[in-house]
Amino acid sequence: MPGLLRDYFVVLPDSVAGHVVAGRLPASEAATGVGDVLTVAHPSGRPWIVARPLVRKVSHLARGDDALVLIGPDRVPEAVLAGLLEGARDRAGLERRLARLPGLHHVVARLSGEIWMRGTASGLRRIYHARHPEAGTIASDRPAVLAHLTGAPLDDGALALRLLDFLPHPLSRRALWQGVHEAGAGYGIALPAAAPGTAAAPGPREYRWWEPPAPELSLAEGARRLGDAVAASVRAHVGGLDRISCELSGGMDSTALTFAARKTGPATLSLLTVAARDRYSEDEGWARRAVEEARTSTPATGTGKGACVPGLDHHLIPAADTPYFYAGLASFADELNDEPLPVAPGRARAHLLLSRAHATGSRYHLTGYGGDELFLGLPHTYQDLFHGNPLTAWNRLSALRHQLGWPLLPTVKALADRSPFPRWLAGAVTTAPQPVARTPLLSWGVRQSLHPWLTEHARALITEEFRAAAEHAEPIDPWRGRHVDIDAVRMGARHFQAMEDIGMTIGLPVAAPFYDDRVLEATLAVRLSERIAPWRYKPLLAEAMRGVVPDALLARTTKDHMASDEHQGLSEHAEELAELWTGSRLAERGLVDARQLRRLAAEPFSPVLVEHSVSSTVAGETWLRTAENAWNSPQLTPTNTAAATATTTTSEASL
């Protein structure tokens with residue numbers, strides 16, 4: 001039904017009240033035969049973790065009162081879990097052991113009476129917590145579940161923030177419901193046990209479990225580490241599966257994953273390419289070259305030159321079959337994301353691609369999402385390089401400046417700027433026009449202009465949120481470039497959730513291996529002067545995949561864009577957009593001017609829409625309508641007492 005989460009887990013306290021809360025969780029979809037609820041118990045037998053992992057797997061091992069639960073794409077064998085848990089006397093010791101695994105899992109552990117949990121450093125997996133009036137602190141990977149259990153109302157300040165094109169750290173952590181809190185990426189929460197004779201445990205304590213690695217490796221050393229991390233992440237998702245699929249756009253990122261997936265030896269590998277409407281697009285040609293190379297080069301399971309990968313299929317989706325952006329706005333109610341995501345207007349396109357992949361019989365679909373954020377190198381990183389090697393930094397920045405058309409004096413001024421992060425954050429939104437394309441980007445992020453259709457109320461909420469956050473804000477990393485790099489990865493990982501949820505709707509797991517923590521760490525560990533260069537395209541990825549991807553494909557230095565499809569979508573779906581703003585929920589909350597939005601829907605090529613994207617506002621409106629309809633069903637989840645007592649086995653649940 002609309003707004004019903006298909007995938008979640010909840011961590012509950014060991015109390016009668018916690019047991020009662022477990023019975024109020026959204027029920028499984030018995031009618032479809034999927035979504036069975038799995039319960040892991042406290043030593044007392046009461047529910048500890050209640051999970052509904054449609055496409056993920058739950059691995060669990062208990063040794064006495066200590067226990068470890070990993071929730072991720074692959075089942076972790078009991079022997080591996082035992083090696084992780086046994087001998088780990090504290091959280092730090094267990095974290096050191098967990099670094100041996102691909103960084104894709106939610107981790108929930110109980111050690112020496114303390115329960116703690118965390119997601120991933122990349123932000124792909126997140127943890128939220130809230131205070132229940134009877135049970136105390138409860139936690140989940142889904143904020144909407146906590147809002148449902150605690151009766152939390154929506155937070156207009158957090159909703160107004162989502163009407164921006166993107167949210168910088170730390171505002172991206174603002175959950176959409178009052179009283180629901182997100183532990184930042186790289187942070188976890190610890191829940192101390194209740195003291196003897198007391199009813200409730202103390203509140204959660206946030207701790208930092210991840211630090212970016214020092215950039216000390218050479219390009220060659222870093223490439224070896226990155227290649228190993230990518231291969232391990234791909235295996236964790238699709239290793240051992242007979243039928244898998246990859247999105248092969250033709251770009252370097254998707255091409256790299258295609259050849260990495262081929263090395264896992266599936267019986268059938270389906271490659272899907274969406275043809276572009278733009279006659280100047282190069283992606284389709286590069287995708288065809290990649291398919292030909294995959295069919296003629298030595299495969300992982302082949303016997304020599306010229307052998308073919310069995311079952312290698314290429315599916316080219318004609319441009320005429322591909323929806324424009326903003327198509328199918330009424331179908332957004334199928335998935336309740338954790339938050340409005342600016343990528344949502346492309347849902348119909350993503351749904352088509354994943355549906356075609358599912359039709360091939362694929363059991364897992366891989367994408368190259370995250371590659372741009374990791375490997376392109378944002379201009380802000382030249383600030384970091386300037387501190388250690390000013391001559392090299394200026395030579396490279398000069399080349400970049402000429403490519404981007406940055407004027408000399410503003411570039412020098414931006415490079416010399418030493419404004420602290422809180423000061424930048426306080427002024428990161430403005431009512432002034434959008435910064436021109438030739439504005440040097442060397443600060444802590446990009447300054448944004450407030451969209452003209454936002455009301456004064458929305459503008460006041462947004463500016464107050466930024467002001468309040470700036471009072472206590474600390475950057476992700478003291479170095480500007482690393483701060484921006486990591487924030488960009490985490491922002492992309494949040495956006496990828498929309499793809500995962502569409503895949504769950506279809507019944508196809510979707511993965512982005514580049515958001516693996518080990519991949520992020522390998523990238524950040526490379527010396528900056530070798531990781532980025534204005535005259536080389538993604539040099540670290542190219543070197544990491546050398547020997548896996550044919551050299552001819554690693555030589556590409558261009559990237560296609562789909563801006564024309566988005567602008568044309570405003571025209572093609574003008575009526576749908578006008579209807580969306582009729583009875584707008586955002587307008588009812590006083591956040592947008594619906595009349596102005598309806599007027600702009602009738603003028604899709606207005607200069608206002610050239611300067612300001614409406615995608616985040618569309619995402620906010622469609623998300624709000626879905627969130628309002630969530631959990632109208634009276635069905636509740638029955639307590640599974642049999643599963644609650646099975647605390648010493650490794651369990652898994654998947655489609």
# chains A, B, ... in the order shown; residues from 1 in each chain; ligands from 1
call {"tool": "residues_around", "arguments": {"residues": "A:Ser218", "least_positions_apart": "3", "cutoff": "7 Å", "atoms": "only C-alpha atoms", "output": "list in words"}}
result
Glu221, Gly222, Val526, Arg527 and Glu530 of chain A
call {"tool": "residues_around", "arguments": {"residues": "stretch 334-348 of chain A", "least_positions_apart": "6", "cutoff": "6 Å", "atoms": "only C-alpha atoms", "output": "short mmCIF file (atom, residue, chain, number, x, y, z; two decimals) with all heavy atoms, in the first residue's frame"}}
result
data_model
loop_
_atom_site.label_atom_id
_atom_site.label_comp_id
_atom_site.auth_asym_id
_atom_site.auth_seq_id
_atom_site.Cartn_x
_atom_site.Cartn_y
_atom_site.Cartn_z
N PRO A 2 0.36 2.41 -0.37
CA PRO A 2 1.19 3.60 -0.45
C PRO A 2 1.88 3.90 0.87
O PRO A 2 1.27 3.89 1.94
CB PRO A 2 0.18 4.70 -0.81
CG PRO A 2 -0.93 3.98 -1.49
CD PRO A 2 -1.01 2.64 -0.82
N GLY A 3 3.19 4.19 0.77
CA GLY A 3 3.92 4.62 1.93
C GLY A 3 4.32 3.53 2.90
O GLY A 3 4.88 3.83 3.95
N PHE A 325 12.25 13.23 -17.75
CA PHE A 325 12.13 13.54 -16.33
C PHE A 325 10.74 14.12 -16.04
O PHE A 325 10.11 14.70 -16.92
CB PHE A 325 13.21 14.56 -15.91
CG PHE A 325 14.59 13.96 -15.82
CD1 PHE A 325 15.44 13.95 -16.92
CD2 PHE A 325 15.03 13.39 -14.64
CE1 PHE A 325 16.71 13.40 -16.85
CE2 PHE A 325 16.30 12.83 -14.55
CZ PHE A 325 17.14 12.83 -15.66
N TYR A 326 10.28 13.90 -14.83
CA TYR A 326 8.97 14.35 -14.33
C TYR A 326 7.82 13.51 -14.86
O TYR A 326 6.66 13.87 -14.69
CB TYR A 326 8.72 15.84 -14.63
CG TYR A 326 9.81 16.72 -14.10
CD1 TYR A 326 10.78 17.28 -14.95
CD2 TYR A 326 9.91 16.98 -12.74
CE1 TYR A 326 11.80 18.07 -14.45
CE2 TYR A 326 10.94 17.78 -12.23
CZ TYR A 326 11.87 18.31 -13.10
OH TYR A 326 12.89 19.09 -12.60
N ALA A 327 8.12 12.37 -15.47
CA ALA A 327 7.05 11.47 -15.90
C ALA A 327 6.55 10.67 -14.71
O ALA A 327 7.30 10.38 -13.77
CB ALA A 327 7.56 10.52 -16.99
N HIS A 495 21.18 9.86 -1.99
CA HIS A 495 20.35 9.89 -3.19
C HIS A 495 20.15 8.49 -3.77
O HIS A 495 19.09 8.20 -4.34
CB HIS A 495 20.98 10.81 -4.24
CG HIS A 495 20.96 12.25 -3.85
ND1 HIS A 495 21.51 13.24 -4.65
CD2 HIS A 495 20.48 12.89 -2.75
CE1 HIS A 495 21.34 14.41 -4.05
NE2 HIS A 495 20.72 14.22 -2.90
N SER A 615 13.32 20.45 -9.36
CA SER A 615 13.31 19.01 -9.02
C SER A 615 13.20 18.77 -7.52
O SER A 615 12.47 17.88 -7.08
CB SER A 615 14.57 18.33 -9.57
OG SER A 615 15.74 18.90 -9.01
N SER A 616 13.90 19.54 -6.69
CA SER A 616 13.83 19.31 -5.25
C SER A 616 12.45 19.65 -4.71
O SER A 616 11.97 19.01 -3.76
CB SER A 616 14.90 20.13 -4.52
OG SER A 616 14.74 21.51 -4.77
N ALA A 619 10.23 16.79 -5.64
CA ALA A 619 10.53 15.67 -4.74
C ALA A 619 9.90 15.89 -3.37
O ALA A 619 9.35 14.96 -2.76
CB ALA A 619 12.04 15.51 -4.60
N GLY A 620 9.96 17.12 -2.86
CA GLY A 620 9.36 17.41 -1.57
C GLY A 620 7.85 17.22 -1.57
O GLY A 620 7.27 16.68 -0.62
N TRP A 623 7.02 13.39 -1.95
CA TRP A 623 7.37 12.69 -0.70
C TRP A 623 6.35 12.99 0.39
O TRP A 623 5.94 12.09 1.12
CB TRP A 623 8.76 13.11 -0.25
CG TRP A 623 9.21 12.41 1.01
CD1 TRP A 623 9.89 11.24 1.10
CD2 TRP A 623 8.98 12.84 2.36
NE1 TRP A 623 10.10 10.91 2.42
CE2 TRP A 623 9.56 11.87 3.21
CE3 TRP A 623 8.35 13.94 2.93
CZ2 TRP A 623 9.52 11.98 4.60
CZ3 TRP A 623 8.31 14.05 4.32
CH2 TRP A 623 8.89 13.08 5.14
#
call {"tool": "closest_residue", "arguments": {"among": "A:Leu376, A:Ala139, A:Ala578, A:Ala290", "to": "A:Tyr537", "atoms": "only C-alpha atoms"}}
result
A:Leu376
call {"tool": "closest_residue", "arguments": {"among": "A:Leu312, A:Leu149, A:Leu272, A:Val429", "to": "A:Glu134", "atoms": "only C-alpha atoms"}}
result
A:Leu149
call {"tool": "residues_around", "arguments": {"residues": "stretch 352-367 of chain A", "least_positions_apart": "2", "cutoff": "7 Å", "atoms": "only C-alpha atoms", "output": "ChimeraX atom specification"}}
result
/A:238,243-247,254,348-350,369,503,506,508-512
call {"tool": "select_by_dssp", "arguments": {"residues": "stretch 572-605 of chain A", "states": "helix (DSSP H, G or I)", "output": "list in words"}}
result
Glu572, Ala574, Glu575, Glu576, Leu577, Ala578, Glu579, Leu580, Arg585, Leu586, Ala587, Glu588, Ala594, Arg595, Gln596, Leu597, Arg598, Arg599, Leu600 and Ala601 of chain A
call {"tool": "closest_residue", "arguments": {"among": "A:Ala135, A:Val55, A:Ala525, A:Ile532", "to": "A:His19", "atoms": "only C-alpha atoms"}}
result
A:Ala135
call {"tool": "residues_around", "arguments": {"residues": "A:Pro212", "least_positions_apart": "3", "cutoff": "10 Å", "atoms": "only C-alpha atoms", "output": "count of residues only"}}
result
13
call {"tool": "select_by_dssp", "arguments": {"residues": "stretch 148-381 of chain A", "states": "strand (DSSP E)", "output": "PyMOL selection string"}}
result
chain A and resi 180-183+187-191+205-208+243-247+268-274+312-317+365-366
call {"tool": "write_last_selection", "arguments": {"atoms": "N, CA and C atoms", "output": "JSON list (two decimals), in the first residue's frame"}}
result
[["chain", "number", "residue", "atom", "x", "y", "z"],
["A", 180, "VAL", "N", 13.09, 12.67, 16.07],
["A", 180, "VAL", "CA", 13.85, 11.58, 15.44],
["A", 180, "VAL", "C", 15.21, 12.16, 15.05],
["A", 181, "HIS", "N", 16.28, 11.46, 15.41],
["A", 181, "HIS", "CA", 17.63, 11.99, 15.21],
["A", 181, "HIS", "C", 18.47, 11.00, 14.41],
["A", 182, "GLU", "N", 19.31, 11.54, 13.55],
["A", 182, "GLU", "CA", 20.23, 10.70, 12.77],
["A", 182, "GLU", "C", 21.63, 10.78, 13.36],
["A", 183, "ALA", "N", 22.25, 9.64, 13.54],
["A", 183, "ALA", "CA", 23.68, 9.61, 13.88],
["A", 183, "ALA", "C", 24.44, 9.86, 12.58],
["A", 187, "TYR", "N", 29.59, 7.97, 12.57],
["A", 187, "TYR", "CA", 29.26, 7.96, 13.99],
["A", 187, "TYR", "C", 28.29, 6.83, 14.26],
["A", 188, "GLY", "N", 28.29, 6.34, 15.49],
["A", 188, "GLY", "CA", 27.34, 5.34, 15.93],
["A", 188, "GLY", "C", 26.70, 5.79, 17.23],
["A", 189, "ILE", "N", 25.79, 4.98, 17.74],
["A", 189, "ILE", "CA", 25.19, 5.29, 19.04],
["A", 189, "ILE", "C", 25.34, 4.09, 19.95],
["A", 190, "ALA", "N", 25.61, 4.38, 21.22],
["A", 190, "ALA", "CA", 25.74, 3.35, 22.25],
["A", 190, "ALA", "C", 24.60, 3.50, 23.23],
["A", 191, "LEU", "N", 24.05, 2.36, 23.66],
["A", 191, "LEU", "CA", 22.92, 2.34, 24.59],
["A", 191, "LEU", "C", 23.34, 1.58, 25.84],
["A", 205, "ARG", "N", 24.35, 7.56, 23.59],
["A", 205, "ARG", "CA", 25.58, 8.34, 23.54],
["A", 205, "ARG", "C", 26.19, 8.15, 22.16],
["A", 206, "GLU", "N", 26.43, 9.26, 21.47],
["A", 206, "GLU", "CA", 26.99, 9.19, 20.12],
["A", 206, "GLU", "C", 28.51, 9.11, 20.20],
["A", 207, "TYR", "N", 29.10, 8.30, 19.37],
["A", 207, "TYR", "CA", 30.55, 8.15, 19.35],
["A", 207, "TYR", "C", 31.04, 8.11, 17.90],
["A", 208, "ARG", "N", 32.27, 8.49, 17.71],
["A", 208, "ARG", "CA", 32.87, 8.47, 16.37],
["A", 208, "ARG", "C", 33.68, 7.19, 16.21],
["A", 243, "ARG", "N", 22.68, -15.33, -12.32],
["A", 243, "ARG", "CA", 22.13, -14.35, -13.27],
["A", 243, "ARG", "C", 22.18, -12.96, -12.63],
["A", 244, "ILE", "N", 22.99, -12.09, -13.20],
["A", 244, "ILE", "CA", 23.10, -10.73, -12.68],
["A", 244, "ILE", "C", 23.02, -9.74, -13.85],
["A", 245, "SER", "N", 22.88, -8.47, -13.51],
["A", 245, "SER", "CA", 22.80, -7.44, -14.54],
["A", 245, "SER", "C", 23.59, -6.22, -14.11],
["A", 246, "CYS", "N", 23.99, -5.43, -15.10],
["A", 246, "CYS", "CA", 24.72, -4.18, -14.85],
["A", 246, "CYS", "C", 24.15, -3.09, -15.75],
["A", 247, "GLU", "N", 24.09, -1.91, -15.20],
["A", 247, "GLU", "CA", 23.79, -0.75, -16.03],
["A", 247, "GLU", "C", 25.09, -0.33, -16.72],
["A", 268, "THR", "N", 24.92, -15.91, -16.53],
["A", 268, "THR", "CA", 24.34, -14.91, -17.41],
["A", 268, "THR", "C", 24.62, -13.53, -16.86],
["A", 269, "LEU", "N", 25.19, -12.68, -17.70],
["A", 269, "LEU", "CA", 25.44, -11.29, -17.36],
["A", 269, "LEU", "C", 24.70, -10.43, -18.37],
["A", 270, "SER", "N", 23.68, -9.71, -17.92],
["A", 270, "SER", "CA", 22.90, -8.85, -18.80],
["A", 270, "SER", "C", 23.35, -7.41, -18.62],
["A", 271, "LEU", "N", 23.67, -6.76, -19.72],
["A", 271, "LEU", "CA", 24.13, -5.37, -19.71],
["A", 271, "LEU", "C", 23.05, -4.50, -20.34],
["A", 272, "LEU", "N", 22.67, -3.43, -19.65],
["A", 272, "LEU", "CA", 21.59, -2.58, -20.13],
["A", 272, "LEU", "C", 22.10, -1.16, -20.37],
["A", 273, "THR", "N", 21.81, -0.66, -21.56],
["A", 273, "THR", "CA", 22.22, 0.68, -21.96],
["A", 273, "THR", "C", 21.01, 1.46, -22.42],
["A", 274, "VAL", "N", 20.84, 2.66, -21.91],
["A", 274, "VAL", "CA", 19.75, 3.54, -22.34],
["A", 274, "VAL", "C", 20.29, 4.46, -23.43],
["A", 312, "LEU", "N", 26.41, -13.59, -22.10],
["A", 312, "LEU", "CA", 26.60, -12.15, -22.07],
["A", 312, "LEU", "C", 25.62, -11.51, -23.04],
["A", 313, "ASP", "N", 24.64, -10.77, -22.50],
["A", 313, "ASP", "CA", 23.60, -10.16, -23.31],
["A", 313, "ASP", "C", 23.66, -8.65, -23.18],
["A", 314, "HIS", "N", 23.43, -7.98, -24.31],
["A", 314, "HIS", "CA", 23.38, -6.52, -24.28],
["A", 314, "HIS", "C", 21.98, -6.08, -24.69],
["A", 315, "HIS", "N", 21.33, -5.30, -23.81],
["A", 315, "HIS", "CA", 19.98, -4.82, -24.06],
["A", 315, "HIS", "C", 20.04, -3.30, -24.21],
["A", 316, "LEU", "N", 19.80, -2.84, -25.42],
["A", 316, "LEU", "CA", 19.80, -1.40, -25.71],
["A", 316, "LEU", "C", 18.36, -0.90, -25.65],
["A", 317, "ILE", "N", 18.09, -0.01, -24.71],
["A", 317, "ILE", "CA", 16.75, 0.55, -24.55],
["A", 317, "ILE", "C", 16.64, 1.77, -25.45],
["A", 365, "HIS", "N", 21.36, -6.30, -9.44],
["A", 365, "HIS", "CA", 21.70, -5.31, -10.45],
["A", 365, "HIS", "C", 22.76, -4.36, -9.90],
["A", 366, "LEU", "N", 23.83, -4.14, -10.64],
["A", 366, "LEU", "CA", 24.91, -3.25, -10.23],
["A", 366, "LEU", "C", 24.88, -1.96, -11.03]]
call {"tool": "atom_distance", "arguments": {"atom1": "atom CA of A:Leu68", "atom2": "atom CA of A:Ala109"}}
result
4.5 Å
call {"tool": "residues_around", "arguments": {"residues": "A:Glu464", "least_positions_apart": "2", "cutoff": "12 Å", "atoms": "only C-alpha atoms", "output": "list in words"}}
result
Gly157, Ala158, Ala160, Leu161, Leu171, Leu425, Ala426, Gly427, Ala428, Val429, His457, Ala458, Arg459, Ala460, Leu461, Ile462, Phe466, Arg467, Ala468, Ala469, Ala470 and Glu471 of chain A
call {"tool": "write_last_selection", "arguments": {"atoms": "N, CA and C atoms", "output": "mmCIF file, in the first residue's frame"}}
result
data_model
loop_
_atom_site.group_PDB
_atom_site.id
_atom_site.type_symbol
_atom_site.label_atom_id
_atom_site.label_comp_id
_atom_site.auth_asym_id
_atom_site.auth_seq_id
_atom_site.Cartn_x
_atom_site.Cartn_y
_atom_site.Cartn_z
ATOM 1 N N GLY A 157 10.784 22.699 9.575
ATOM 2 C CA GLY A 157 12.119 23.221 9.315
ATOM 3 C C GLY A 157 12.942 22.263 8.489
ATOM 4 N N ALA A 158 12.914 20.975 8.842
ATOM 5 C CA ALA A 158 13.649 19.966 8.077
ATOM 6 C C ALA A 158 13.062 19.801 6.688
ATOM 7 N N ALA A 160 11.526 22.166 4.927
ATOM 8 C CA ALA A 160 11.925 23.336 4.143
ATOM 9 C C ALA A 160 13.353 23.191 3.632
ATOM 10 N N LEU A 161 14.245 22.624 4.445
ATOM 11 C CA LEU A 161 15.624 22.424 4.007
ATOM 12 C C LEU A 161 15.695 21.546 2.766
ATOM 13 N N LEU A 171 23.621 19.765 8.040
ATOM 14 C CA LEU A 171 22.167 19.894 7.911
ATOM 15 C C LEU A 171 21.527 18.695 7.242
ATOM 16 N N LEU A 425 29.209 28.236 6.543
ATOM 17 C CA LEU A 425 27.888 27.618 6.625
ATOM 18 C C LEU A 425 26.807 28.654 6.894
ATOM 19 N N ALA A 426 27.096 29.626 7.756
ATOM 20 C CA ALA A 426 26.094 30.640 8.092
ATOM 21 C C ALA A 426 25.674 31.443 6.862
ATOM 22 N N GLY A 427 26.546 31.567 5.879
ATOM 23 C CA GLY A 427 26.215 32.328 4.676
ATOM 24 C C GLY A 427 26.061 31.482 3.435
ATOM 25 N N ALA A 428 25.794 30.182 3.612
ATOM 26 C CA ALA A 428 25.772 29.263 2.469
ATOM 27 C C ALA A 428 24.487 29.321 1.661
ATOM 28 N N VAL A 429 23.462 30.022 2.153
ATOM 29 C CA VAL A 429 22.251 30.260 1.369
ATOM 30 C C VAL A 429 22.033 31.760 1.274
ATOM 31 N N HIS A 457 7.950 32.389 4.803
ATOM 32 C CA HIS A 457 8.017 31.444 5.926
ATOM 33 C C HIS A 457 9.086 30.387 5.687
ATOM 34 N N ALA A 458 9.124 29.820 4.482
ATOM 35 C CA ALA A 458 10.130 28.813 4.150
ATOM 36 C C ALA A 458 11.531 29.408 4.190
ATOM 37 N N ARG A 459 11.681 30.612 3.669
ATOM 38 C CA ARG A 459 12.998 31.264 3.674
ATOM 39 C C ARG A 459 13.480 31.512 5.094
ATOM 40 N N ALA A 460 12.551 31.934 5.960
ATOM 41 C CA ALA A 460 12.923 32.177 7.351
ATOM 42 C C ALA A 460 13.340 30.877 8.040
ATOM 43 N N LEU A 461 12.603 29.791 7.770
ATOM 44 C CA LEU A 461 12.959 28.503 8.359
ATOM 45 C C LEU A 461 14.344 28.056 7.896
ATOM 46 N N ILE A 462 14.612 28.184 6.604
ATOM 47 C CA ILE A 462 15.889 27.719 6.049
ATOM 48 C C ILE A 462 17.050 28.531 6.612
ATOM 49 N N PHE A 466 20.234 27.170 9.009
ATOM 50 C CA PHE A 466 21.655 27.339 8.703
ATOM 51 C C PHE A 466 22.351 28.122 9.817
ATOM 52 N N ARG A 467 21.705 29.171 10.316
ATOM 53 C CA ARG A 467 22.311 29.974 11.372
ATOM 54 C C ARG A 467 22.525 29.134 12.629
ATOM 55 N N ALA A 468 21.488 28.377 13.012
ATOM 56 C CA ALA A 468 21.586 27.566 14.222
ATOM 57 C C ALA A 468 22.645 26.478 14.071
ATOM 58 N N ALA A 469 22.711 25.843 12.907
ATOM 59 C CA ALA A 469 23.706 24.791 12.688
ATOM 60 C C ALA A 469 25.120 25.350 12.729
ATOM 61 N N ALA A 470 25.293 26.584 12.223
ATOM 62 C CA ALA A 470 26.630 27.178 12.165
ATOM 63 C C ALA A 470 27.188 27.477 13.550
ATOM 64 N N GLU A 471 26.332 27.619 14.551
ATOM 65 C CA GLU A 471 26.807 27.959 15.893
ATOM 66 C C GLU A 471 27.690 26.867 16.488
#
call {"tool": "decode", "arguments": {"residues": "stretch 59-120 of chain A", "atoms": "C-alpha atoms", "output": "mmCIF file, in the first residue's frame"}}
result
data_model
loop_
_atom_site.group_PDB
_atom_site.id
_atom_site.type_symbol
_atom_site.label_atom_id
_atom_site.label_comp_id
_atom_site.auth_asym_id
_atom_site.auth_seq_id
_atom_site.Cartn_x
_atom_site.Cartn_y
_atom_site.Cartn_z
ATOM 1 C CA SER A 59 23.814 -12.633 10.036
ATOM 2 C CA HIS A 60 23.755 -13.234 13.785
ATOM 3 C CA LEU A 61 25.959 -14.933 16.333
ATOM 4 C CA ALA A 62 25.726 -14.936 20.148
ATOM 5 C CA ARG A 63 28.344 -16.091 22.630
ATOM 6 C CA GLY A 64 26.923 -15.902 26.120
ATOM 7 C CA ASP A 65 25.571 -12.398 26.660
ATOM 8 C CA ASP A 66 27.687 -10.953 23.837
ATOM 9 C CA ALA A 67 26.284 -10.896 20.309
ATOM 10 C CA LEU A 68 27.015 -9.538 16.845
ATOM 11 C CA VAL A 69 24.468 -8.835 14.097
ATOM 12 C CA LEU A 70 25.446 -7.750 10.579
ATOM 13 C CA ILE A 71 22.793 -6.615 8.094
ATOM 14 C CA GLY A 72 24.059 -6.327 4.540
ATOM 15 C CA PRO A 73 24.039 -7.709 1.005
ATOM 16 C CA ASP A 74 25.682 -11.029 1.788
ATOM 17 C CA ARG A 75 25.384 -13.684 4.477
ATOM 18 C CA VAL A 76 28.466 -13.673 6.682
ATOM 19 C CA PRO A 77 29.431 -17.264 7.597
ATOM 20 C CA GLU A 78 29.234 -18.260 11.250
ATOM 21 C CA ALA A 79 32.969 -18.984 11.357
ATOM 22 C CA VAL A 80 33.700 -15.427 10.218
ATOM 23 C CA LEU A 81 31.284 -14.003 12.786
ATOM 24 C CA ALA A 82 32.970 -16.074 15.480
ATOM 25 C CA GLY A 83 36.378 -14.740 14.454
ATOM 26 C CA LEU A 84 35.047 -11.202 14.687
ATOM 27 C CA LEU A 85 33.295 -11.569 18.025
ATOM 28 C CA GLU A 86 35.598 -13.842 19.977
ATOM 29 C CA GLY A 87 38.446 -12.006 21.631
ATOM 30 C CA ALA A 88 36.913 -8.571 21.063
ATOM 31 C CA ARG A 89 36.853 -7.084 24.554
ATOM 32 C CA ASP A 90 35.457 -3.708 23.598
ATOM 33 C CA ARG A 91 33.980 -1.731 20.725
ATOM 34 C CA ALA A 92 37.364 -0.601 19.371
ATOM 35 C CA GLY A 93 38.611 -4.171 19.206
ATOM 36 C CA LEU A 94 35.548 -5.305 17.322
ATOM 37 C CA GLU A 95 35.800 -2.375 14.891
ATOM 38 C CA ARG A 96 39.370 -3.344 14.034
ATOM 39 C CA ARG A 97 38.164 -6.821 13.124
ATOM 40 C CA LEU A 98 35.198 -5.507 11.135
ATOM 41 C CA ALA A 99 37.598 -3.597 8.885
ATOM 42 C CA ARG A 100 38.440 -6.961 7.259
ATOM 43 C CA LEU A 101 34.964 -7.107 5.706
ATOM 44 C CA PRO A 102 33.572 -5.015 2.847
ATOM 45 C CA GLY A 103 32.145 -1.858 4.403
ATOM 46 C CA LEU A 104 28.520 -2.407 3.457
ATOM 47 C CA HIS A 105 26.831 -3.547 6.642
ATOM 48 C CA HIS A 106 24.787 -2.129 9.432
ATOM 49 C CA VAL A 107 26.412 -3.358 12.638
ATOM 50 C CA VAL A 108 24.536 -4.022 15.884
ATOM 51 C CA ALA A 109 26.487 -5.510 18.782
ATOM 52 C CA ARG A 110 26.161 -6.276 22.464
ATOM 53 C CA LEU A 111 29.425 -6.296 24.387
ATOM 54 C CA SER A 112 29.853 -6.241 28.173
ATOM 55 C CA GLY A 113 26.260 -5.149 28.688
ATOM 56 C CA GLU A 114 26.434 -2.245 26.232
ATOM 57 C CA ILE A 115 24.457 -2.211 22.988
ATOM 58 C CA TRP A 116 25.873 -0.182 20.139
ATOM 59 C CA MET A 117 25.123 0.196 16.452
ATOM 60 C CA ARG A 118 26.327 2.070 13.427
ATOM 61 C CA GLY A 119 25.924 2.343 9.682
ATOM 62 C CA THR A 120 28.668 3.039 7.140
#
